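Visitor: Got a structure for you, written out below as structure tokens; questions coming shortly.
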Amino acid sequence: MLTLTSPVDTWAQPLPAGLKLAALALATTGLFALTTPPGLALAGLAVAGLYASCGVRFALGGLRLLRPLAPFVVVVGLWHLYRATPDLGAVVLMRMLVAVALANFVTMTTRLSQMLAVFQALARPLAPLGLPPRRLALAMALVVRFIPVMLDRMDLIRQAWAARSPRRPGWRVLVPATLAALDDADRVAEALRARGGAG
């Protein structure tokens with residue numbers, strides 16, 4: 001579950017994790033300065049070029065990680081069509097897709113151990129308050145890893161429902177999704193205990 005790093009060797013993998021995370025923070029902040037569809041479309045093309053520079057296999061892997069966003073795209077798109085604000089809807093959707101694609105790029109090109117080291121360094125000033133930097137770093141790294149995994153799990157549950165029923169799943173997927181999240185958390189806890197805990 002934690003192996004979301006792409007097996008494809010790319011130019012971005014040797015780059016320091018701190019540099020990539022800082023660039024991600026700046027880029028996603030900059031997305032909010034773009035308020036028109038053409039500007040965000042250019043940002044999307046730049047991100048697509050980023051993926052393409054790492055090869056077709058890598059780019060296809062990144063595209064697969066965006067699939068769980070499809071329900072959100074549909075809901076937000078329909079809402080803004082209903083509200084007669086298609087331009088605002090396009091801005092919201094493009095901003096979301098570009099931001100998630102950038103985050104996925106960092107996740108795919110950075111090992112968990114590298115992220116853990118960065119988060120631990122950032123959490124070190126909190127040590128005098130009684131907050132262990134390593135545990136905080138592990139918690140943050142797990143959140144980064146869990147989000148795309150849980151989105152993908154939700155997509156699989158919806159597909160399983162669609163294969164068995166013509167009705168829309170709606171709220172019915174919440175219980176199996178919650179149980180899946182608890183099961184994943186239990187497995188991760190067991191794996192951490194087997195390796196000596198969070199330290």
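Please note that chains go A, B, ... in the order of the structure tokens, that every chain numbers its residues from 1, and that ligands are numbered from 1 in the order shown.
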Please provide as a short mmCIF file (atom, residue, chain, number, x, y, z; two decimals) with C-alpha atoms, in the first residue's frame all residues within 9 Å of Leu34 in chain A, with the sequence filter that same-chain residues fewer than 6 positions apart are discarded (counting only C-alpha atoms).
Guide:
data_model
loop_
_atom_site.label_atom_id
_atom_site.label_comp_id
_atom_site.auth_asym_id
_atom_site.auth_seq_id
_atom_site.Cartn_x
_atom_site.Cartn_y
_atom_site.Cartn_z
CA LEU A 40 -4.92 27.01 -15.99
CA ALA A 43 -0.48 25.10 -16.37
CA VAL A 91 -11.40 26.99 -13.11
CA ARG A 95 -7.10 23.81 -10.56
#
Visitor: Fewer than 3 positions away in the same chain doesn't count, so skip those; otherwise give me all residues within 6 Å of range 131-147 of chain A, counting only C-alpha atoms, as a list in words.
Guide: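 With the cut-off at 6 Å, the set is Leu116, Phe119, Gln120, Ala123, Arg124, Leu126, Ala127, Met150 and Ala198 of chain A.
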Visitor: Please provide as a VMD selection string all residues within 12 Å of Val73 in chain A, with the sequence filter that same-chain residues fewer than 5 positions apart are discarded (counting only C-alpha atoms).
Guide: chain A and resid 66 to 68 78 to 81 89 to 97
Visitor: Could you check the closest approach to Trp11 in chain A for each of A:Ile157, A:Ala185, A:Ala103, A:Cys54 and tell me which residue wins, using only C-alpha atoms?
Guide: A:Cys54
Visitor: For a test of reading the model, state the distance in Å between CA of Val106 in chain A and CA of Gln159 in chain A, rounded to one decimal.
Guide: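 Result for CA of Val106 in chain A versus CA of Gln159 in chain A: 27.4 Å, one decimal.
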Visitor: Would you mind reading off the distance between CA of Phe32 in chain A and CA of Leu15 in chain A, one decimal, in Å?
Guide: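 Interatomic distance, CA of Phe32 in chain A to CA of Leu15 in chain A: 25.7 Å.
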